Structures are given as structure tokens and as C-alpha cells.
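Structure first, commentary second.
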Amino acid sequence: MKEELRELYKYRELLYMIAYRDIKVRYKQSIMGFLWAILMPVLIVFSGIVVRYAYALAAHVTLQASDVASVAVKSLPWAFLVSSIRFSCNSLATNRDLVTKVYFPKEIFPVAAVMASFFDLFVASGALVIFLLAVRIGWSAYLLWIPVLLLAIVILATGIGLVVSAASLFFRDVKYVVEVMLTFGIFFTPVFYDMHMLGDKGKWLLLNPAAAILDGFGASIARHQPPEPIWLAYAFGFGFLLLVGGYVFFKHLEPVFAESI
Amino acid sequence: MSDVALRMEHVYKKFRKGEVYDSLRDLVPALTGRMFQQQELAENDSREFWALQDVSYEVRRGEAFAILGPNGAGKSTMLKLLSRIMKPTSGSLHVFGRVSALIELAAGFHQDLTGRENVYLYGTILGMRKQEINSKFEEIVEFSGLAEFIDTPIKRYSSGMYARLGFAVAAHVNPDVLLVDEVLSVGDALFQRKCVEHMRTIIRNGATVLFVSHNLKTVAEFCSRTLLLDHGRTVAMGPTPQVINEYMTLLQQHREVDQSRPVRISRVTVRDAQGPCHRFQSGQKAWLDVEVSAQGPCSKLAVVVYFLDEKYSVLFGTSTERLGHGSVSLAPGDILRCTFEVQLNLGRGIFYPSVDLRRYDNQHLYDSWEAAETIYVWSKEDINGPVYCCPRVVRQDICKAQLSDVNDCAVKSALDTKEL
């Protein structure tokens, strides 16, 4: 494994190059490109507002700006997670020619897909900051948690990306399964709602590592609280194991990629 | 030890043909099914086949080595093993130094990026560093001859431009070991000559080059040693000319075994006025008898003959149809005999008369017999080159280098020309 990581390091320029290509191609027509980065989070925010409005109506309270902010804050990392999983899942198949013809560490493709999605997140964050300033959400020292939370979600996304990209080469229905999971995942992850709305039973949802991380984003940015340390540690542990396991799994299958694509 | 660039020892590669469970939906029943039916495993074994069996060879540093073989011999598998895309089932394989493959140009290109961006992308894919590409960029663009289009997205390129850019990048990688597929056939004649020239420079500069090809011309021109594969096994290995001969024999055997063709070239003989003959003098007349037998019906057939030189370049070619004899249709059991008369205006050397059976419009190749015969041509005159142009010296004068005489001489030779 050490040797494989060294090999990956050796090919780091290729990794940047492929990520750059993916970003560049997506942003080539600049208007559509930036829309692409913003569109998905915007849709999620609007669906969240509808859901939140319904909650407020049922509970006979008025919809707070902080509620909307919380949805917006969490929709970005969620959109990142979804797009990096989706892109990495197809990354090997779309680069078929390279997979079958040239040698280099193939994990470059799913990792580059995560990097490209991270760039989208970065672009969309610009819009988010403007929005948060507009609703006067304020700030606190807990914003310092953001890099930690970003690291956690990147680890998780990369781990999942490695597993699904390799698996989808061998079983062509993996991508449909992934698609279904991504569609319904939003109901099991606190994007539209906050954990505390579900009461004590809601804690079970935190077993979903993405839930723990997104809740952390909501807490540190919108609610001015620290993330729950235990659950965050759990999410880190989960993501890390997935990353290591996914990498081993990927590397184990890599020699037969060219034969089975 | 250090002068070995590449070593392959007892390499085996096994593939499974037929069905592989490629969806989760199929996997579940297959797994449960296998628990109950043991015989399925045995059946699986029979579906395996060996793409390579016990292949061993060594290539020395700075050597140009070729791997030759008919379709299905295992050449592509060999390339994939060498470029580390696949691993051998058993045996060992060592490549010392940086390997780069000139396989399938432009696999790494992206349509939406400009030529410039693609040079960087493809260069990185082939293992170059960014700095290295920076320093060679001008050279690459110059080589491709696409300077004015370099900032155009390559989806607007023609396929020729595409291939040229691909080759230009790949050719500047400077690897220790270069693997070359059938890529020297891209672009127009001018670009091809450039590529060949470049290959020669690479070899001269001490890189090890491995050709995997069935282009005999390239192999004969570049490679000193050749390995001949057939059905995954080593058939012959040694100096290129000998191995090419073996390859020809092998192709002939394959041709004879293959009964699926509707028509077959069954005999080709070269003769002079007296009878079968292999030694001719430049400018002498020769007759080429071709016998074609039909197993099935075949319409609009033309018999094509052509001469190859030692490097397997076509020197001359024509056909019954092109010589104004029209195409023929054959019924099963028919035998077609035709004779071509040619004047061998060939230079000294070895030549290979070859025969193809094609549909008259070149749409279909029924049978092909490259180097069906071998002839040796000699000449009384001391000449070189592949053709014989009936040379004769008709005049040789010396003009004295004195000013007054030079004029005289010019006048005199003008007069001479008039006389002639």
C-alpha cells in the first residue's frame, strides 16, 4: 500500500491535470458552467424552503431566516457529496480509452472527480456567503470548524467514490443503485430538517456519517454552536475506514480493469 | 545485467471468454446456483483460453525489437502486459526504465479542449512533467505543423490533424523503452516520412524500441531482431529477415487451413520463356501464372498482382480488371487460370511477386498471398535502387576551364544537341 501511495504521488501532476480537465470542460461555456455549480444547491434550497414552510405552518410558527440559512448551509455540502459520488461512479467508464490503453494509477479518476466537485462547492460557496450576509446570519468562532467538516466530507466522498467507481466496472447496475441511493439519501440526511426536530430518536440518523457532518455544518454556521464532537469523530472514523477500505478494494481490482471494462 | 532493457520470462496470460456476471442482478442467482451445481465450474474452465503461453525473451538496451504475428497471435495482450495495464497470469516481466507507449494515438484527448490544453493533458498522461512539456511545447507544435490551430478546440480538427498532434506529443516523451503499435500509418505521406525519420532518431539516440505490428515494411526497416508469435506461443525468434520468412510461411499455412473463403489462390508460379524460374536479368520478360479455385460462388472477381521489395514496400501493382480484361464470376468448382506478362525493369535485389483476389471495385478482399514467390534480379550494369531504367552513357565531355573556351564549349554542345 505504501508503494501504491508513492506511485500515486508520482502521478500527482496527472491527477491535477485530469481534475483541471473535468473542471475546464464543465465550465467551458461559462454561463452554463457556473449555473451548473449553483443550480443544484439552489434547487435543494428551494425544496428545503418549501419543506420548512410546511413544518412552520403545521407547528403554527413563522419561518425564521435562520431556518432558511440552515437549509442553505447544508445543501452545499450535500450537493458536493452527491455530485462527487455521481461523477466518480462514472469516471472509469467515461475514461475507458485511458483505462484500457495507458498505465497510471487509476484511482486518479474518482479522486479527480471529487476534486472537480469540490471546485463546484467552492464556486457555490461564493453565492452562499452573499446570501448569508443578506439574511444577516452573523458569525461566531465556531466557523473555525468549517475546514474540519470539509475534510470529513471530502474523506467520505473519496471513500465512497473509490468503492462505487471500481464496483460499477464489474457490475453495470451499480450505477443505478447509486442513483437511487442518492435520490432518496436526502430524506435520511438532515438537509431539509435539523436533527433536533426529530427528538431523541433522531440520533439514530446520525449513524449516517453524512448526517453527522451536515449537522455539524448547520450547527457551526447557522446556529452558532459547536458540532457534536462524538458524532463528528464517528463520521471521521467511518469516512477514514471507508477511504482505506475503498482504496484497498480499488487497488485489488485495478489489475483486471482493462479486461472487464 | 545493466544492458538489458526488458526481460520476459515464461509469461502466461489467461483470459475467460464467454459470459461474465456483470450485474448484481445476475450475480446473486449465479452464486446460489453455483452452490448447488458443481459442474458449472468445470464448464467454466473450458471457456478459458491462453492468450500467451510460455513466452520468454530479452531486449537489450538500444535495440529495436519487433513482435510479429497474425491476428489473434497475442500481440495486443503482449502490449498490454508491457505497458503494465494487465498483469501476467504467471511468469515475470521486468522493464528497466521509463516505458511509454505509442499505442492508439490521442486516446487521452478531450474534444472540448484546445490543441494547447490537449498537448498538456496528453503529455501528462504519457508521463511527462509539466516543466518538461513547457520546454518541449514549441518543438511539439512545430512537429505537428498545427501552430495556427493550436488554440482551436480539437473537436474542429480533422482526423488527420488529430492524429498528427497525438503523434507529435507521444514522440517527444523520450522514454527508455518505447512501445510502438500500428501508429506510423497516420497522416499524409509527408507526415509519415517525418514520423519514420523521428523513429530513426529515437533509435539512434539509444532508446529501446519495441514494435508490435504486422506492417512488415516497418519491421524490416527498423528492427534487427524479431519474435514471431502464433496462438500465444513463440514460433521463432532471431534476425528479422529469417523471422519474416517464417511469418510468410505461417501466413501461408493459415491461408491453406482456412476453408471459409469462397475463392482461393491455389498456385502462383513465375517463369521465363523456358519454364519456372527465379533468377532474372534486369529488363527481362517474365510470366506470372496464377491459379484460382472457387469453393463457393463469387462474382466480379479481379486478380491483383503486385511486387514487393525487400522492405515490403509495394513497387508496382495492377490487376486483370485494371488491364482491361474485366471482372469474372466463378461458380463452385471452377478454376480460373490467368497469366500476366511483365517486363522486369527492376534493379538488383530480391523481390516478392504477390497476389490478391479482390472484388473489381476493391470493396472486398477474398484472398491475399503476400510474397507468393521470390525472385532474384541481377544486372550486367552496376546499378542500385529498386528500378531499372535501361541506362546508357551517350556522352561524356570535358570542357577546359579557360574563359574563351567555355564559350566555345557551350556553343559546341548547343550544336551537338541540335545534331542529336
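Chain identifiers are assigned as A, B, and so on, following the order in which chains appear in the C-alpha cells; residues are numbered from 1 within each chain, and ligands are numbered from 1 in order of appearance.
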- Message: Taking 5 positions as the minimum chain separation for residues in the same chain, which residues sit within 7 Å of Gly333 of chain B when counting only C-alpha atoms? Answer as a VMD selection string.
- Response: chain B and resid 293 to 295
At a cut-off of 7 Å, which residues of chain B touch chain A? Count only C-alpha atoms and give the answer as an mmCIF file with C-alpha atoms, in the first residue's frame.
```cif
data_model
loop_
_atom_site.group_PDB
_atom_site.id
_atom_site.type_symbol
_atom_site.label_atom_id
_atom_site.label_comp_id
_atom_site.auth_asym_id
_atom_site.auth_seq_id
_atom_site.Cartn_x
_atom_site.Cartn_y
_atom_site.Cartn_z
ATOM 1 C CA ASP B 22 -21.600 -8.294 -14.957
ATOM 2 C CA SER B 23 -24.560 -7.153 -12.944
ATOM 3 C CA LEU B 24 -25.539 -7.545 -9.328
ATOM 4 C CA SER B 83 2.630 -1.222 -20.664
ATOM 5 C CA ARG B 84 1.537 -2.653 -17.290
ATOM 6 C CA ILE B 85 -2.174 -2.298 -17.987
ATOM 7 C CA MET B 86 -2.583 -6.016 -17.390
ATOM 8 C CA LYS B 87 -0.675 -8.417 -15.249
ATOM 9 C CA ALA B 107 -6.771 8.218 -26.586
ATOM 10 C CA GLY B 108 -6.242 10.915 -23.991
ATOM 11 C CA ASP B 112 -13.751 20.334 -25.897
ATOM 12 C CA LEU B 121 -3.198 16.772 -20.920
ATOM 13 C CA THR B 124 0.921 14.318 -18.634
ATOM 14 C CA ILE B 125 -0.990 11.140 -19.358
#
```
- Message: Give me the residues near segment 233-238 of chain A as a PyMOL selection string, where near means some atom within 12 Å (using only C-alpha atoms) and where sequence neighbours in that chain fewer than 3 positions away do not count.
- Response: chain A and resi 148-157+159-160+205-216+227-230+241-246
Keeping only N, CA and C atoms, write those residues as a short mmCIF file (atom, residue, chain, number, x, y, z; two decimals), in the first residue's frame.
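Result written to selection.cif:
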```cif
data_model
loop_
_atom_site.label_atom_id
_atom_site.label_comp_id
_atom_site.auth_asym_id
_atom_site.auth_seq_id
_atom_site.Cartn_x
_atom_site.Cartn_y
_atom_site.Cartn_z
N VAL A 148 -12.46 21.59 9.20
CA VAL A 148 -12.51 20.22 9.71
C VAL A 148 -13.68 19.46 9.08
N LEU A 149 -14.83 20.14 9.03
CA LEU A 149 -16.01 19.50 8.45
C LEU A 149 -15.81 19.22 6.96
N LEU A 150 -15.15 20.16 6.28
CA LEU A 150 -14.88 19.95 4.85
C LEU A 150 -13.98 18.73 4.65
N LEU A 151 -12.97 18.64 5.51
CA LEU A 151 -12.07 17.49 5.42
C LEU A 151 -12.85 16.19 5.60
N ALA A 152 -13.74 16.20 6.59
CA ALA A 152 -14.52 14.99 6.86
C ALA A 152 -15.35 14.59 5.65
N ILE A 153 -15.98 15.57 5.02
CA ILE A 153 -16.87 15.21 3.91
C ILE A 153 -16.07 14.81 2.67
N VAL A 154 -14.88 15.41 2.50
CA VAL A 154 -14.03 15.02 1.37
C VAL A 154 -13.56 13.57 1.55
N ILE A 155 -13.17 13.24 2.77
CA ILE A 155 -12.74 11.86 3.04
C ILE A 155 -13.86 10.88 2.73
N LEU A 156 -15.06 11.24 3.22
CA LEU A 156 -16.21 10.37 2.99
C LEU A 156 -16.50 10.22 1.50
N ALA A 157 -16.51 11.35 0.79
CA ALA A 157 -16.83 11.32 -0.65
C ALA A 157 -15.80 10.49 -1.41
N GLY A 159 -13.89 8.08 -0.24
CA GLY A 159 -14.05 6.66 0.11
C GLY A 159 -15.17 6.03 -0.69
N ILE A 160 -16.32 6.70 -0.69
CA ILE A 160 -17.46 6.15 -1.45
C ILE A 160 -17.13 6.12 -2.94
N LEU A 205 -30.36 8.67 13.16
CA LEU A 205 -29.99 9.10 11.82
C LEU A 205 -28.52 9.50 11.72
N LEU A 206 -27.96 9.84 12.87
CA LEU A 206 -26.56 10.26 12.86
C LEU A 206 -25.62 9.09 12.56
N LEU A 207 -26.17 7.87 12.58
CA LEU A 207 -25.36 6.73 12.15
C LEU A 207 -24.96 6.89 10.70
N ASN A 208 -25.76 7.66 9.97
CA ASN A 208 -25.38 8.02 8.61
C ASN A 208 -24.28 9.07 8.74
N PRO A 209 -23.06 8.75 8.33
CA PRO A 209 -21.95 9.67 8.59
C PRO A 209 -22.16 11.04 7.94
N ALA A 210 -22.85 11.04 6.77
CA ALA A 210 -23.10 12.31 6.11
C ALA A 210 -23.99 13.18 7.00
N ALA A 211 -24.91 12.55 7.73
CA ALA A 211 -25.82 13.30 8.60
C ALA A 211 -25.02 14.02 9.68
N ALA A 212 -24.08 13.32 10.29
CA ALA A 212 -23.29 13.92 11.35
C ALA A 212 -22.51 15.13 10.82
N ILE A 213 -21.96 14.98 9.62
CA ILE A 213 -21.15 16.08 9.08
C ILE A 213 -22.04 17.28 8.71
N LEU A 214 -23.17 17.00 8.04
CA LEU A 214 -24.04 18.10 7.62
C LEU A 214 -24.61 18.82 8.84
N ASP A 215 -24.95 18.04 9.86
CA ASP A 215 -25.45 18.67 11.08
C ASP A 215 -24.37 19.59 11.66
N GLY A 216 -23.13 19.15 11.54
CA GLY A 216 -22.02 19.97 12.01
C GLY A 216 -21.96 21.30 11.25
N PRO A 227 -20.13 21.61 16.55
CA PRO A 227 -20.70 20.33 16.13
C PRO A 227 -20.61 19.35 17.29
N GLU A 228 -21.44 18.31 17.24
CA GLU A 228 -21.36 17.32 18.32
C GLU A 228 -20.10 16.50 18.14
N PRO A 229 -19.16 16.59 19.10
CA PRO A 229 -17.83 16.01 18.89
C PRO A 229 -17.85 14.50 18.70
N ILE A 230 -18.72 13.80 19.43
CA ILE A 230 -18.71 12.34 19.33
C ILE A 230 -19.14 11.89 17.95
N LEU A 241 -12.18 4.78 7.55
CA LEU A 241 -12.20 3.33 7.28
C LEU A 241 -12.66 3.06 5.85
N LEU A 242 -13.66 3.83 5.42
CA LEU A 242 -14.17 3.66 4.07
C LEU A 242 -13.10 4.02 3.05
N LEU A 243 -12.36 5.08 3.35
CA LEU A 243 -11.31 5.52 2.44
C LEU A 243 -10.22 4.45 2.31
N VAL A 244 -9.78 3.94 3.45
CA VAL A 244 -8.72 2.92 3.42
C VAL A 244 -9.25 1.64 2.78
N GLY A 245 -10.44 1.22 3.24
CA GLY A 245 -11.04 0.00 2.68
C GLY A 245 -11.30 0.15 1.19
N GLY A 246 -11.83 1.32 0.81
CA GLY A 246 -12.14 1.57 -0.59
C GLY A 246 -10.88 1.56 -1.44
#
```
- Item | Counting only C-alpha atoms, the residue of A:Phe250, A:Phe80, A:Trp139, A:Phe131 that sits nearest Ala113 of chain A | A:Phe80
Quick one: DSSP helix (DSSP H, G or I) residues in segment 237-332 of chain B, as a compact mmCIF listing (two decimals) with N, CA and C atoms, in the first residue's frame?
```txt
# COMPACT_ATOMS: atom_id res chain seq x y z
N THR B 240 15.68 -10.47 -38.08
CA THR B 240 14.42 -10.13 -38.72
C THR B 240 14.16 -10.81 -40.07
N PRO B 241 15.12 -10.79 -41.02
CA PRO B 241 14.79 -11.39 -42.33
C PRO B 241 14.35 -12.85 -42.23
N GLN B 242 15.05 -13.62 -41.39
CA GLN B 242 14.66 -15.03 -41.25
C GLN B 242 13.26 -15.16 -40.67
N VAL B 243 13.00 -14.37 -39.63
CA VAL B 243 11.71 -14.48 -38.96
C VAL B 243 10.59 -14.04 -39.90
N ILE B 244 10.87 -13.05 -40.72
CA ILE B 244 9.84 -12.63 -41.67
C ILE B 244 9.53 -13.76 -42.65
N ASN B 245 10.55 -14.47 -43.06
CA ASN B 245 10.32 -15.63 -43.92
C ASN B 245 9.42 -16.64 -43.24
N GLU B 246 9.70 -16.90 -41.97
CA GLU B 246 8.87 -17.84 -41.21
C GLU B 246 7.43 -17.34 -41.14
N TYR B 247 7.32 -16.03 -40.95
CA TYR B 247 6.00 -15.42 -40.84
C TYR B 247 5.21 -15.64 -42.12
N MET B 248 5.91 -15.50 -43.25
CA MET B 248 5.28 -15.70 -44.54
C MET B 248 4.77 -17.14 -44.67
N THR B 249 5.61 -18.06 -44.27
CA THR B 249 5.23 -19.47 -44.32
C THR B 249 4.01 -19.71 -43.43
N LEU B 250 4.05 -19.09 -42.27
CA LEU B 250 2.96 -19.25 -41.30
C LEU B 250 1.65 -18.73 -41.88
N LEU B 251 1.74 -17.54 -42.49
CA LEU B 251 0.54 -16.96 -43.09
C LEU B 251 -0.02 -17.88 -44.15
N GLN B 252 0.91 -18.46 -44.94
CA GLN B 252 0.52 -19.37 -46.00
C GLN B 252 -0.21 -20.59 -45.41
N GLN B 253 0.35 -21.11 -44.32
CA GLN B 253 -0.30 -22.26 -43.66
C GLN B 253 -1.70 -21.89 -43.19
N HIS B 254 -1.80 -20.72 -42.57
CA HIS B 254 -3.10 -20.27 -42.10
C HIS B 254 -4.09 -20.16 -43.25
N ARG B 255 -3.55 -19.68 -44.39
CA ARG B 255 -4.40 -19.48 -45.55
C ARG B 255 -4.92 -20.81 -46.09
N GLU B 256 -4.03 -21.80 -46.06
CA GLU B 256 -4.43 -23.09 -46.59
C GLU B 256 -5.45 -23.79 -45.70
N VAL B 257 -5.28 -23.59 -44.41
CA VAL B 257 -6.19 -24.21 -43.45
C VAL B 257 -7.58 -23.58 -43.53
N GLU B 321 -8.53 -6.60 -64.04
CA GLU B 321 -9.60 -5.66 -64.32
C GLU B 321 -9.02 -4.34 -64.81
N ARG B 322 -7.96 -3.89 -64.12
CA ARG B 322 -7.37 -2.61 -64.50
C ARG B 322 -6.66 -2.69 -65.84
N LEU B 323 -6.25 -3.89 -66.23
CA LEU B 323 -5.60 -4.03 -67.53
C LEU B 323 -6.62 -4.24 -68.64
N GLY B 324 -7.89 -4.05 -68.31
CA GLY B 324 -8.91 -4.04 -69.34
C GLY B 324 -9.53 -5.40 -69.64
N HIS B 325 -9.35 -6.38 -68.76
CA HIS B 325 -9.93 -7.68 -69.02
C HIS B 325 -11.23 -7.93 -68.28
```
